[in-house]
>>> print(open('model_15.txt').read())   # compact mmCIF, C-alpha atoms and all ligand atoms
# COMPACT_ATOMS: atom_id res chain seq x y z
CA MET A 1 0.00 0.00 0.00
CA ILE A 2 1.54 3.32 -1.09
CA SER A 3 0.89 6.32 1.14
CA PRO A 4 0.79 9.95 -0.03
CA ILE A 5 4.01 11.89 0.45
CA GLU A 6 4.41 15.31 2.06
CA GLY A 7 7.18 17.62 0.91
CA PHE A 8 8.30 15.60 -2.12
CA SER A 9 9.60 18.77 -3.73
CA LYS A 10 11.93 19.36 -0.76
CA LEU A 11 13.72 16.02 -1.15
CA THR A 12 17.06 15.93 -2.90
CA GLN A 13 17.14 14.54 -6.42
CA GLU A 14 18.63 11.30 -5.12
CA GLN A 15 15.95 10.98 -2.43
CA LYS A 16 13.24 11.57 -5.04
CA ILE A 17 14.70 8.83 -7.18
CA ASP A 18 14.82 6.48 -4.19
CA TRP A 19 11.22 7.24 -3.24
CA ILE A 20 9.77 6.78 -6.71
CA SER A 21 11.79 3.63 -7.36
CA GLU A 22 10.97 2.06 -4.02
CA ASN A 23 7.26 2.85 -4.17
CA TYR A 24 6.36 2.56 -7.82
CA THR A 25 8.77 0.23 -9.64
CA GLN A 26 9.31 -3.53 -9.61
CA ASP A 27 13.10 -3.62 -9.74
CA GLN A 28 14.18 -0.74 -7.50
CA ASN A 29 17.85 -1.11 -8.12
CA ALA A 30 17.44 -1.20 -11.88
CA SER A 31 15.13 1.85 -11.84
CA LYS A 32 17.48 3.84 -9.63
CA ALA A 33 20.43 2.95 -11.82
CA LEU A 34 18.53 3.85 -14.99
CA LEU A 35 17.34 7.21 -13.70
CA LYS A 36 20.87 8.10 -12.65
CA LYS A 37 22.38 6.86 -15.89
CA TYR A 38 20.43 9.58 -17.68
CA TRP A 39 21.90 12.30 -15.48
CA ASN A 40 24.45 14.41 -17.23
CA ALA A 41 27.99 14.08 -15.93
CA ASP A 42 28.40 17.82 -16.41
CA THR A 43 26.86 19.02 -13.16
CA GLU A 44 26.37 22.59 -14.41
CA LEU A 45 24.40 21.35 -17.39
CA GLN A 46 22.39 18.98 -15.22
CA LYS A 47 21.53 21.78 -12.79
CA LEU A 48 20.33 23.93 -15.69
CA HIS A 49 17.95 21.18 -16.79
CA ASP A 50 16.87 20.41 -13.23
CA GLU A 51 15.73 23.99 -12.86
CA PHE A 52 13.59 24.11 -16.00
CA ILE A 53 10.79 22.35 -14.09
CA GLU A 54 9.97 21.19 -10.58
CA ASN A 55 10.76 17.74 -9.20
CA THR A 56 13.21 16.84 -11.97
CA ILE A 57 14.66 13.42 -11.33
CA THR A 58 16.47 12.83 -14.61
CA ASN A 59 16.54 13.77 -18.30
CA TYR A 60 14.37 12.40 -21.07
CA TYR A 61 16.21 12.24 -24.38
CA LEU A 62 14.75 12.71 -27.83
CA PRO A 63 16.84 12.34 -30.97
CA PHE A 64 18.00 15.68 -32.37
CA GLY A 65 18.37 15.29 -36.14
CA ILE A 66 19.07 17.48 -39.16
CA ALA A 67 17.12 17.69 -42.40
CA PRO A 68 19.45 19.44 -44.86
CA ASN A 69 18.93 21.05 -48.29
CA PHE A 70 15.88 23.21 -47.60
CA LEU A 71 15.89 26.06 -50.09
CA ILE A 72 13.56 28.72 -48.65
CA ASN A 73 13.22 32.01 -50.56
CA ASN A 74 16.56 31.21 -52.22
CA LYS A 75 18.39 30.70 -48.91
CA LEU A 76 19.67 27.25 -48.01
CA TYR A 77 18.81 25.88 -44.57
CA ALA A 78 19.64 22.73 -42.62
CA ILE A 79 16.68 22.26 -40.29
CA PRO A 80 17.14 20.82 -36.78
CA MET A 81 14.37 18.48 -35.68
CA ALA A 82 13.76 16.89 -32.27
CA ILE A 83 11.52 13.86 -32.71
CA GLU A 84 11.31 10.18 -31.84
CA GLU A 85 9.31 8.93 -34.84
CA SER A 86 11.26 6.90 -37.41
CA SER A 87 11.22 8.30 -40.94
CA VAL A 88 10.16 11.89 -40.17
CA VAL A 89 13.64 13.38 -40.65
CA ALA A 90 14.30 11.12 -43.64
CA ALA A 91 10.98 12.16 -45.21
CA ALA A 92 11.71 15.87 -44.62
CA SER A 93 15.17 15.51 -46.15
CA LYS A 94 13.76 13.69 -49.18
CA ALA A 95 11.12 16.37 -49.76
CA ALA A 96 13.73 19.12 -49.30
CA LYS A 97 15.97 17.57 -51.94
CA PHE A 98 13.05 17.06 -54.31
CA TRP A 99 12.03 20.72 -54.14
CA LEU A 100 15.62 21.96 -54.11
CA GLU A 101 15.79 20.72 -57.69
CA ARG A 102 12.51 22.50 -58.53
CA GLY A 103 13.05 26.04 -57.24
CA GLY A 104 12.62 25.46 -53.52
CA PHE A 105 10.01 26.79 -51.10
CA LYS A 106 8.50 30.28 -51.21
CA THR A 107 7.13 31.70 -48.00
CA GLN A 108 5.39 34.79 -46.71
CA VAL A 109 4.37 35.99 -43.25
CA LEU A 110 0.75 37.17 -43.54
CA GLY A 111 0.44 38.63 -40.05
CA THR A 112 2.01 38.67 -36.58
CA GLU A 113 -0.91 39.68 -34.35
CA LYS A 114 -1.02 38.07 -30.90
CA ILE A 115 -4.15 38.07 -28.75
CA GLY A 116 -5.02 38.23 -25.06
CA GLN A 117 -8.28 38.69 -23.20
CA VAL A 118 -9.58 39.94 -19.89
CA HIS A 119 -12.79 38.02 -19.21
CA PHE A 120 -15.16 39.80 -16.84
CA MET A 121 -18.74 40.03 -15.59
CA PHE A 122 -20.65 43.30 -15.61
CA THR A 123 -24.22 43.54 -14.39
CA GLY A 124 -25.87 46.65 -15.74
CA GLU A 125 -26.40 48.78 -18.82
CA ALA A 126 -24.09 47.73 -21.64
CA GLN A 127 -24.18 51.23 -23.14
CA LYS A 128 -22.80 52.71 -19.93
CA LEU A 129 -20.03 50.14 -19.89
CA LYS A 130 -19.16 51.16 -23.45
CA SER A 131 -18.90 54.86 -22.49
CA PHE A 132 -16.82 53.96 -19.45
CA PHE A 133 -14.47 51.84 -21.59
CA THR A 134 -14.01 54.63 -24.17
CA LYS A 135 -13.17 57.06 -21.40
CA ILE A 136 -10.66 54.92 -19.56
CA LYS A 137 -9.01 53.16 -22.51
CA PRO A 138 -6.02 55.60 -22.53
CA LYS A 139 -5.66 54.99 -18.77
CA LEU A 140 -5.52 51.25 -19.33
CA LEU A 141 -2.62 51.72 -21.74
CA GLN A 142 -0.89 54.22 -19.45
CA SER A 143 -1.16 51.88 -16.47
CA ALA A 144 0.84 49.25 -18.36
CA ALA A 145 3.51 51.71 -19.55
CA SER A 146 6.26 50.23 -17.39
CA ILE A 147 5.57 46.79 -18.85
CA THR A 148 5.27 47.96 -22.45
CA LYS A 149 8.14 50.49 -22.47
CA ASN A 150 10.92 48.19 -23.72
CA MET A 151 8.71 46.38 -26.21
CA GLU A 152 7.58 49.76 -27.60
CA LYS A 153 11.18 50.91 -27.97
CA ARG A 154 11.75 47.94 -30.26
CA GLY A 155 8.61 48.69 -32.27
CA GLY A 156 6.09 46.39 -30.59
CA GLY A 157 3.52 46.74 -27.83
CA VAL A 158 -0.25 46.77 -27.40
CA THR A 159 -1.90 47.40 -30.77
CA GLU A 160 -5.56 47.58 -29.70
CA ILE A 161 -7.96 47.05 -26.82
CA GLU A 162 -11.54 46.35 -27.75
CA LEU A 163 -14.58 45.89 -25.53
CA ARG A 164 -16.60 42.83 -26.57
CA ASN A 165 -20.13 42.09 -25.43
CA ILE A 166 -20.68 38.32 -25.22
CA THR A 167 -23.91 38.45 -23.22
CA SER A 168 -25.74 36.58 -25.98
CA LYS A 169 -23.74 33.50 -24.92
CA ILE A 170 -23.36 34.00 -21.14
CA ASP A 171 -25.34 36.52 -19.08
CA ASN A 172 -23.25 39.57 -18.08
CA TYR A 173 -20.13 38.26 -19.83
CA PHE A 174 -17.83 40.83 -21.51
CA GLN A 175 -14.21 40.88 -22.61
CA LEU A 176 -11.37 43.23 -23.16
CA HIS A 177 -10.07 41.69 -26.36
CA CYS A 178 -6.49 42.93 -26.74
CA THR A 179 -4.04 42.58 -29.59
CA PHE A 180 -0.26 42.77 -29.39
CA GLU A 181 2.89 42.91 -31.48
CA THR A 182 5.61 41.03 -29.63
CA LEU A 183 8.31 40.99 -32.35
CA ASP A 184 10.84 38.19 -31.78
CA ALA A 185 9.34 37.08 -28.47
CA MET A 186 6.52 34.56 -28.26
CA GLY A 187 5.24 37.11 -25.80
CA ALA A 188 3.24 35.01 -23.33
CA ASN A 189 4.69 36.68 -20.23
CA PHE A 190 4.51 40.14 -21.76
CA ILE A 191 0.88 39.65 -22.82
CA ASN A 192 -0.24 38.13 -19.52
CA SER A 193 1.45 40.90 -17.52
CA CYS A 194 -0.26 43.57 -19.63
CA LEU A 195 -3.63 41.85 -19.28
CA GLU A 196 -3.38 41.53 -15.51
CA GLN A 197 -2.53 45.22 -15.29
CA PHE A 198 -5.47 46.14 -17.56
CA ALA A 199 -7.80 44.05 -15.41
CA GLU A 200 -6.63 45.72 -12.20
CA THR A 201 -6.95 49.24 -13.62
CA PHE A 202 -10.30 48.47 -15.24
CA LYS A 203 -11.78 47.20 -11.98
CA ALA A 204 -10.36 50.05 -9.91
CA GLU A 205 -11.55 52.74 -12.35
CA ALA A 206 -15.05 51.25 -12.42
CA GLN A 207 -15.28 51.61 -8.67
CA SER A 208 -14.95 55.37 -8.88
CA TYR A 209 -16.93 55.93 -12.10
CA ALA A 210 -19.71 58.32 -11.19
CA ASP A 211 -22.20 57.17 -13.87
CA PHE A 212 -22.23 53.58 -12.63
CA THR A 213 -24.71 52.30 -10.04
CA GLU A 214 -23.27 50.38 -7.08
CA THR A 215 -23.93 47.08 -8.89
CA GLU A 216 -22.31 48.36 -12.09
CA LYS A 217 -19.24 49.49 -10.18
CA ASP A 218 -18.70 45.96 -8.98
CA ILE A 219 -17.04 44.47 -12.07
CA GLU A 220 -15.96 40.89 -11.51
CA ILE A 221 -12.73 39.94 -13.24
CA VAL A 222 -12.90 36.22 -14.04
CA MET A 223 -9.47 35.82 -15.63
CA SER A 224 -6.82 37.47 -17.76
CA ILE A 225 -4.90 35.29 -20.20
CA LEU A 226 -3.40 35.23 -23.67
CA SER A 227 -5.16 33.23 -26.38
CA ASN A 228 -3.30 30.49 -28.20
CA TYR A 229 -5.72 30.94 -31.07
CA VAL A 230 -3.86 33.42 -33.28
CA PRO A 231 -5.51 33.32 -36.72
CA HIS A 232 -3.79 36.58 -37.70
CA CYS A 233 -0.31 35.42 -36.72
CA LEU A 234 -0.19 33.58 -39.97
CA VAL A 235 2.40 32.20 -42.38
CA ARG A 236 2.14 30.72 -45.84
CA ALA A 237 4.59 28.37 -47.57
CA GLU A 238 4.32 27.11 -51.10
CA VAL A 239 6.03 24.95 -53.70
CA SER A 240 5.16 24.80 -57.38
CA CYS A 241 6.54 23.41 -60.62
CA PRO A 242 5.38 22.32 -64.07
CA VAL A 243 3.47 19.03 -63.81
CA ASP A 244 5.99 17.51 -66.24
CA ASP A 245 8.72 17.99 -63.60
CA LEU A 246 6.89 15.67 -61.22
CA GLN A 247 8.19 12.47 -62.78
CA ILE A 248 9.18 10.74 -59.54
CA ASP A 249 9.90 7.28 -60.98
CA SER A 250 8.79 4.94 -63.75
CA SER A 251 5.85 3.52 -61.78
CA ILE A 252 3.57 6.52 -62.30
CA SER A 253 3.31 9.32 -64.87
CA ALA A 254 3.94 12.90 -63.75
CA GLN A 255 0.35 13.86 -64.64
CA GLU A 256 -1.16 10.95 -62.72
CA PHE A 257 1.05 11.66 -59.70
CA ALA A 258 0.05 15.34 -59.67
CA GLU A 259 -3.62 14.45 -59.97
CA LYS A 260 -3.41 11.90 -57.16
CA MET A 261 -1.71 14.47 -54.91
CA VAL A 262 -4.50 16.96 -55.58
CA GLN A 263 -7.09 14.23 -54.96
CA ALA A 264 -5.45 13.26 -51.67
CA VAL A 265 -5.63 16.88 -50.49
CA ALA A 266 -9.23 17.19 -51.72
CA ILE A 267 -10.19 14.21 -49.55
CA ALA A 268 -8.50 15.74 -46.49
CA LYS A 269 -10.35 18.99 -47.17
CA VAL A 270 -13.79 17.42 -46.88
CA GLU A 271 -13.29 14.37 -44.67
CA PRO A 272 -12.39 15.07 -41.03
CA HIS A 273 -11.11 11.54 -40.28
CA ARG A 274 -8.58 11.88 -43.06
CA ALA A 275 -7.95 15.55 -42.30
CA VAL A 276 -6.82 14.76 -38.75
CA THR A 277 -4.25 12.20 -39.96
CA HIS A 278 -3.21 14.43 -42.85
CA ASN A 279 -2.61 17.29 -40.40
CA LYS A 280 -0.91 14.96 -37.92
CA GLY A 281 1.67 14.31 -40.62
CA ILE A 282 2.14 18.07 -41.02
CA MET A 283 2.60 18.39 -37.25
CA ASN A 284 5.37 15.75 -37.42
CA GLY A 285 7.43 18.41 -39.16
CA VAL A 286 6.09 21.43 -37.31
CA ASP A 287 6.46 20.02 -33.78
CA ALA A 288 9.95 18.65 -34.42
CA VAL A 289 11.26 22.12 -35.32
CA ILE A 290 9.23 23.77 -32.57
CA LEU A 291 10.81 21.43 -30.01
CA ALA A 292 14.33 21.80 -31.39
CA THR A 293 14.02 25.58 -31.21
CA GLY A 294 12.63 25.59 -27.65
CA ASN A 295 9.16 26.79 -28.54
CA ASP A 296 5.86 25.74 -26.97
CA PHE A 297 4.48 22.88 -29.06
CA ARG A 298 1.27 22.62 -27.00
CA ALA A 299 0.41 26.23 -27.82
CA VAL A 300 1.22 25.69 -31.48
CA GLU A 301 -0.78 22.44 -31.65
CA ALA A 302 -3.85 23.96 -29.99
CA GLY A 303 -3.77 27.04 -32.22
CA ILE A 304 -3.20 25.17 -35.46
CA HIS A 305 -6.00 22.65 -34.89
CA ALA A 306 -8.41 25.44 -33.96
CA TYR A 307 -7.42 27.16 -37.20
CA ALA A 308 -8.07 23.93 -39.13
CA ALA A 309 -11.62 23.98 -37.75
CA LYS A 310 -12.27 27.70 -38.18
CA GLU A 311 -14.99 27.22 -40.82
CA GLY A 312 -16.92 24.93 -38.47
CA SER A 313 -15.61 21.61 -39.73
CA TYR A 314 -12.08 20.22 -39.35
CA THR A 315 -10.18 20.41 -42.60
CA SER A 316 -6.77 20.10 -44.26
CA LEU A 317 -4.10 22.70 -43.49
CA THR A 318 -2.59 22.25 -46.94
CA ASP A 319 -4.06 22.82 -50.37
CA ALA A 320 -3.06 21.79 -53.89
CA ARG A 321 -4.07 22.51 -57.46
CA ILE A 322 -3.05 22.03 -61.06
CA GLU A 323 -3.55 25.11 -63.21
CA ASN A 324 -2.19 25.72 -66.71
CA GLY A 325 0.13 22.74 -66.35
CA ILE A 326 1.57 23.98 -63.05
CA PHE A 327 1.28 21.96 -59.86
CA SER A 328 1.09 24.10 -56.69
CA PHE A 329 1.02 22.87 -53.12
CA TRP A 330 0.78 25.19 -50.13
CA ILE A 331 0.08 25.55 -46.43
CA GLU A 332 -1.25 28.37 -44.26
CA ILE A 333 -0.85 28.02 -40.50
CA PRO A 334 -0.93 30.29 -37.46
CA LEU A 335 2.34 30.20 -35.50
CA ALA A 336 3.13 32.30 -32.43
CA LEU A 337 6.86 31.69 -32.00
CA GLY A 338 9.81 33.24 -30.24
CA THR A 339 13.50 33.36 -31.02
CA VAL A 340 14.29 35.39 -27.89
CA GLY A 341 13.16 34.76 -24.33
CA GLY A 342 11.93 31.49 -22.85
CA LEU A 343 14.25 28.53 -23.41
CA THR A 344 15.92 30.16 -26.42
CA SER A 345 18.85 31.59 -24.52
CA LEU A 346 18.93 28.94 -21.79
CA HIS A 347 18.91 25.51 -23.37
CA PRO A 348 22.29 24.88 -25.02
CA LEU A 349 20.84 22.71 -27.79
CA VAL A 350 18.11 25.24 -28.51
CA LYS A 351 20.77 27.93 -28.83
CA LEU A 352 22.66 25.70 -31.23
CA ALA A 353 19.51 24.93 -33.23
CA LEU A 354 18.90 28.66 -33.66
CA GLU A 355 22.53 29.16 -34.67
CA ILE A 356 22.20 26.37 -37.26
CA LEU A 357 19.13 28.21 -38.57
CA GLN A 358 21.28 31.38 -38.90
CA GLU A 359 19.75 33.15 -35.88
CA PRO A 360 16.30 33.63 -37.40
CA SER A 361 13.87 36.33 -36.35
CA ALA A 362 10.51 35.02 -35.12
CA LYS A 363 9.12 35.79 -38.58
CA GLU A 364 11.86 33.77 -40.27
CA LEU A 365 11.29 30.90 -37.87
CA MET A 366 7.56 30.95 -38.71
CA GLN A 367 8.50 30.47 -42.36
CA ILE A 368 10.97 27.66 -41.64
CA VAL A 369 8.43 25.82 -39.48
CA ALA A 370 5.69 26.15 -42.09
CA VAL A 371 8.08 24.75 -44.70
CA ALA A 372 8.88 21.78 -42.44
CA GLY A 373 5.14 21.09 -42.16
CA LEU A 374 4.56 21.41 -45.89
CA ALA A 375 7.56 19.20 -46.73
CA GLN A 376 6.37 16.54 -44.32
CA ASN A 377 2.89 16.55 -45.87
CA PHE A 378 4.35 16.34 -49.38
CA ALA A 379 6.50 13.38 -48.38
CA ALA A 380 3.62 11.58 -46.66
CA LEU A 381 1.19 12.10 -49.57
CA ARG A 382 3.86 11.13 -52.08
CA SER A 383 4.26 7.77 -50.34
CA LEU A 384 0.56 7.31 -49.66
CA VAL A 385 -0.50 7.79 -53.30
CA THR A 386 2.33 5.63 -54.68
CA THR A 387 4.07 2.87 -52.71
CA GLY A 388 2.04 3.20 -49.50
CA ILE A 389 3.49 4.48 -46.25
CA GLN A 390 4.77 1.21 -44.81
CA GLU A 391 7.60 0.61 -47.25
CA GLY A 392 9.61 3.65 -46.21
CA HIS A 393 8.37 3.65 -42.63
CA MET A 394 9.31 0.03 -41.95
CA LYS A 395 12.76 0.55 -43.46
CA MET A 396 13.33 3.29 -40.92
CA HIS A 397 11.63 1.34 -38.14
CA LEU A 398 13.73 -1.75 -38.86
CA LEU A 399 16.46 -0.74 -36.42
CA ASN A 400 13.91 -0.25 -33.64
CA ILE A 401 12.62 -3.80 -34.14
CA LEU A 402 16.14 -5.22 -34.31
CA ASN A 403 17.10 -3.36 -31.14
CA GLN A 404 14.00 -4.75 -29.41
CA LEU A 405 15.03 -8.25 -30.49
CA GLY A 406 18.52 -7.67 -29.10
CA ALA A 407 20.32 -8.02 -32.44
CA THR A 408 24.08 -7.55 -32.44
CA GLU A 409 25.73 -4.86 -34.61
CA GLU A 410 26.77 -7.57 -37.08
CA GLU A 411 23.23 -8.98 -37.27
CA LYS A 412 21.80 -5.48 -37.74
CA LYS A 413 24.15 -4.86 -40.65
CA THR A 414 23.17 -8.15 -42.31
CA LEU A 415 19.44 -7.59 -41.88
CA VAL A 416 19.47 -3.95 -42.99
CA GLN A 417 21.17 -5.19 -46.15
CA HIS A 418 18.61 -8.00 -46.52
CA PHE A 419 15.63 -5.62 -46.23
CA LYS A 420 17.00 -3.30 -48.89
CA ASN A 421 15.48 -5.75 -51.36
CA ASN A 422 12.72 -7.33 -49.24
CA THR A 423 9.53 -5.97 -47.73
CA ALA A 424 10.01 -5.26 -44.04
CA THR A 425 7.00 -6.16 -41.92
CA HIS A 426 7.28 -6.88 -38.20
CA SER A 427 6.87 -10.64 -38.72
CA ALA A 428 9.29 -10.70 -41.68
CA VAL A 429 11.95 -9.02 -39.52
CA VAL A 430 11.43 -11.47 -36.65
CA GLU A 431 11.58 -14.38 -39.13
CA ALA A 432 14.79 -13.12 -40.74
CA TYR A 433 16.33 -12.57 -37.29
CA LYS A 434 15.47 -16.18 -36.32
CA ASN A 435 16.95 -17.42 -39.58
CA LEU A 436 20.30 -16.05 -38.42
CA GLY A 437 20.21 -18.79 -35.80
CA ASN A 438 18.54 -16.87 -32.96
C1 LIG B 1 2.46 9.30 -39.65
O1 LIG B 1 3.15 9.82 -38.52
C2 LIG B 1 1.91 10.43 -40.49
C3 LIG B 1 1.03 10.01 -41.67
O2 LIG B 1 -0.03 9.17 -41.22
C4 LIG B 1 0.51 11.27 -42.28
C5 LIG B 1 -0.54 11.07 -43.35
O3 LIG B 1 -1.26 10.03 -43.35
O4 LIG B 1 -0.67 11.97 -44.19
C6 LIG B 1 1.82 9.20 -42.66
>>> encode(input="model_15.txt", output="structure tokens", more="lines below")
Ligand code: MEV
Amino acid sequence: MISPIEGFSKLTQEQKIDWISENYTQDQNASKALLKKYWNADTELQKLHDEFIENTITNYYLPFGIAPNFLINNKLYAIPMAIEESSVVAAASKAAKFWLERGGFKTQVLGTEKIGQVHFMFTGEAQKLKSFFTKIKPKLLQSAASITKNMEKRGGGVTEIELRNITSKIDNYFQLHCTFETLDAMGANFINSCLEQFAETFKAEAQSYADFTETEKDIEIVMSILSNYVPHCLVRAEVSCPVDDLQIDSSISAQEFAEKMVQAVAIAKVEPHRAVTHNKGIMNGVDAVILATGNDFRAVEAGIHAYAAKEGSYTSLTDARIENGIFSFWIEIPLALGTVGGLTSLHPLVKLALEILQEPSAKELMQIVAVAGLAQNFAALRSLVTTGIQEGHMKMHLLNILNQLGATEEEKKTLVQHFKNNTATHSAVVEAYKNLGN
């Protein structure tokens, strides 16, 4: 019987490891040894990681890979990706190479607007609230001057505060809907600090507003928080080439391949079950770059999926067409990213990832990430409409299966060679491994 623990956070890292291993694992010694094995021998580096979160007991590694040869607006990038899934980096690299030979990727930032809201309850005459808001709006901005000063110096800040009446959905519910320009910062802390200041000033000013009744003066602030739905912090990436240049191999004509690609996208546009998987493939690329560059993948995921459903039904994030013999394939996604602040200057590998990307601005990073998503989708659809996904995937997954089976380096070499010319399924790999005398 395990009992609750008091003061877990106060234990040393070693004590935490002992407690978790002793109470929750079968082989305590093995668990303790494993958790410690993942500690970094460099104590400075370990301390840095320990302090990112609370109750750190060890590190959790993900592979950090590179997809080279991405030509984006005529500049060549090697894109760092942090991801565990076999074949994602290989697929990205393959798509990059394919489009490198066809003019590369073209991208454009369509907007950089970030959003935050103060949600509050006001019981009274909406018209009076409107007059009050108009009067005190400059005061709201002034009250946050110490927070916005530095951002304004760099050309950013609060771009608008709008009063929104949402009483048709919830009685007495209103918002201060605020928009921001946060430049190279993702801006979460900046936005939330501004919002909390607006909320405080708004409530205090209402209390002394002569036109309000006692009830009206008593504005109830429910919460102040940024929104991860940023439909106007938007980036577009595109590839295009003459259909004739899409001859991928002798198994399919260029025209048929282009048509099947367009058909595959058309299905994802109208069929939510397919759209979710289609977009999941896009997120393989997006998340891997987001993680490698120390950005918040949960925020990006939430915002992108909301964007995919903005017309009321979940749809594809990419689009494709053939027009006048030209095949075009593009993506439009919202991305609130930072290349300063947060983990960007703290995590050594994040710093290196940004250096590899030539120290991009947030806008440049938006374009790189959108390209990674588009490339991933191109690679997935290319396989899906031709050989099927398993051929390439199982080739990449082969080493995972062989490692699970406990194959030696020599056996791995032999079997990788064998499956260059044979279809790799899980059972075929096990069979071939047994045939080596195991
Ligand atoms: C697998 O991680 C991603 C795919 O399922 C994406 C897709 O179906 O388009 C291959």
>>> closest_residue(input="model_15.txt", among="A:Asp249, A:Glu85, A:Glu359, A:Glu409", to="ligand LIG 1 (chain B)", atoms="only C-alpha atoms and all ligand atoms")
A:Glu85
>>> residues_near_point(input="model_15.txt", point="(19.7, -5.7, -43.0)", cutoff="12 Å", atoms="only C-alpha atoms", output="MDAnalysis selection string")
chainID A and resid 394:399 401:402 407:424 428:430 432:433 436
>>> closest_atom_pairs(input="model_15.txt", of="chain A", to="ligand LIG 1 (chain B)", cutoff="10 Å", atoms="only C-alpha atoms and all ligand atoms", output="tab-separated table")
residue	atom	partner	partner_atom	distance
A:Glu85	CA	B:LIG1	O1	7.2
A:Ser86	CA	B:LIG1	O1	8.7
A:Ser87	CA	B:LIG1	O1	8.6
A:Val88	CA	B:LIG1	O1	7.5
A:Ala91	CA	B:LIG1	C6	10.0
A:Ala264	CA	B:LIG1	O4	9.0
A:Val265	CA	B:LIG1	O4	9.4
A:Ala268	CA	B:LIG1	O4	9.0
A:Arg274	CA	B:LIG1	O3	7.6
A:Ala275	CA	B:LIG1	O4	8.3
A:Val276	CA	B:LIG1	C5	8.6
A:Thr277	CA	B:LIG1	O3	5.0
A:His278	CA	B:LIG1	O4	3.8
A:Asn279	CA	B:LIG1	O4	6.8
A:Lys280	CA	B:LIG1	C4	5.9
A:Gly281	CA	B:LIG1	C4	3.7
A:Ile282	CA	B:LIG1	C4	7.1
A:Met283	CA	B:LIG1	C2	8.6
A:Asn284	CA	B:LIG1	O1	6.4
A:Gly285	CA	B:LIG1	O1	9.6
A:Gln376	CA	B:LIG1	C4	8.1
A:Asn377	CA	B:LIG1	O4	6.0
A:Phe378	CA	B:LIG1	O4	8.4
A:Ala379	CA	B:LIG1	O4	8.4
A:Ala380	CA	B:LIG1	O4	5.0
A:Leu381	CA	B:LIG1	O4	5.7
A:Arg382	CA	B:LIG1	O4	9.1
A:Ser383	CA	B:LIG1	C6	8.2
A:Leu384	CA	B:LIG1	O3	7.1
A:Gly388	CA	B:LIG1	C6	9.1
A:Ile389	CA	B:LIG1	C6	6.2
A:Gln390	CA	B:LIG1	C6	8.8
A:His393	CA	B:LIG1	C6	8.6
>>> residues_around(input="model_15.txt", residues="Leu163 in chain A", least_positions_apart="4", cutoff="10 Å", atoms="all atoms listed in the file", output="list in words")
Gln117, Val118, Leu129, Lys130, Phe133, Thr134, Lys137, Phe174, Gln175, Leu176, His177 and Cys178 of chain A
>>> closest_residue(input="model_15.txt", among="A:Ser143, A:Asn295, A:Ser240, A:Gln255", to="Phe329 in chain A", atoms="all atoms listed in the file")
A:Ser240
>>> closest_residue(input="model_15.txt", among="A:Ala185, A:Leu352, A:Leu11, A:Ala375", to="Leu100 in chain A", atoms="all atoms listed in the file")
A:Ala375
>>> atom_distance(input="model_15.txt", atom1="CA of Val385 in chain A", atom2="CA of Asn73 in chain A")
28.0 Å
>>> residues_around(input="model_15.txt", residues="range 167-173 of chain A", least_positions_apart="5", cutoff="9 Å", atoms="only C-alpha atoms", output="PDB file with C-alpha atoms, in the frame of the given file")
ATOM      1  CA  HIS A 119     -12.790  38.020 -19.210  1.00  0.00           C
ATOM      2  CA  PHE A 120     -15.160  39.800 -16.840  1.00  0.00           C
ATOM      3  CA  MET A 121     -18.740  40.030 -15.590  1.00  0.00           C
ATOM      4  CA  PHE A 122     -20.650  43.300 -15.610  1.00  0.00           C
ATOM      5  CA  THR A 123     -24.220  43.540 -14.390  1.00  0.00           C
ATOM      6  CA  GLY A 124     -25.870  46.650 -15.740  1.00  0.00           C
ATOM      7  CA  ALA A 126     -24.090  47.730 -21.640  1.00  0.00           C
TER       8      ALA A 126
END
>>> closest_residue(input="model_15.txt", among="A:Val239, A:Met223, A:Leu110, A:Leu76", to="Glu332 in chain A", atoms="only C-alpha atoms")
A:Leu110
>>> closest_residue(input="model_15.txt", among="A:Lys114, A:Lys128, A:Lys135, A:Lys16", to="Phe212 in chain A", atoms="only C-alpha atoms")
A:Lys128
>>> atom_distance(input="model_15.txt", atom1="CA of Lys32 in chain A", atom2="CA of Asn400 in chain A")
24.6 Å
>>> residues_around(input="model_15.txt", residues="Gln46 in chain A", least_positions_apart="6", cutoff="10 Å", atoms="all atoms listed in the file", output="list in words")
Tyr38, Trp39, Asn40, Thr56, Thr58 and Asn59 of chain A
>>> closest_residue(input="model_15.txt", among="A:Trp19, A:Phe64, A:Ala266, A:Ile57", to="Leu349 in chain A", atoms="only C-alpha atoms")
A:Phe64
>>> residues_around(input="model_15.txt", residues="Ala306 in chain A", least_positions_apart="4", cutoff="7 Å", atoms="only C-alpha atoms", output="PDB file with C-alpha atoms, keeping the file's coordinate frame")
ATOM      1  CA  TYR A 229      -5.720  30.940 -31.070  1.00  0.00           C
ATOM      2  CA  ALA A 302      -3.850  23.960 -29.990  1.00  0.00           C
ATOM      3  CA  LYS A 310     -12.270  27.700 -38.180  1.00  0.00           C
TER       4      LYS A 310
END
>>> atom_distance(input="model_15.txt", atom1="CA of Asp27 in chain A", atom2="CA of Ser9 in chain A")
23.4 Å
>>> residues_near_point(input="model_15.txt", point="(-18.2, 53.5, -7.5)", cutoff="7 Å", atoms="all atoms listed in the file", output="PyMOL selection string")
chain A and resi 206-210+212+214+217
>>> residues_around(input="model_15.txt", residues="Pro231 in chain A", least_positions_apart="5", cutoff="10 Å", atoms="all atoms listed in the file", output="list in words")
Gly111, Thr112, Glu113, Lys114, Ile115, Gly303, Ile304, Ala306, Tyr307, Lys310, Glu332, Ile333, Pro334, Leu335 and Ala336 of chain A
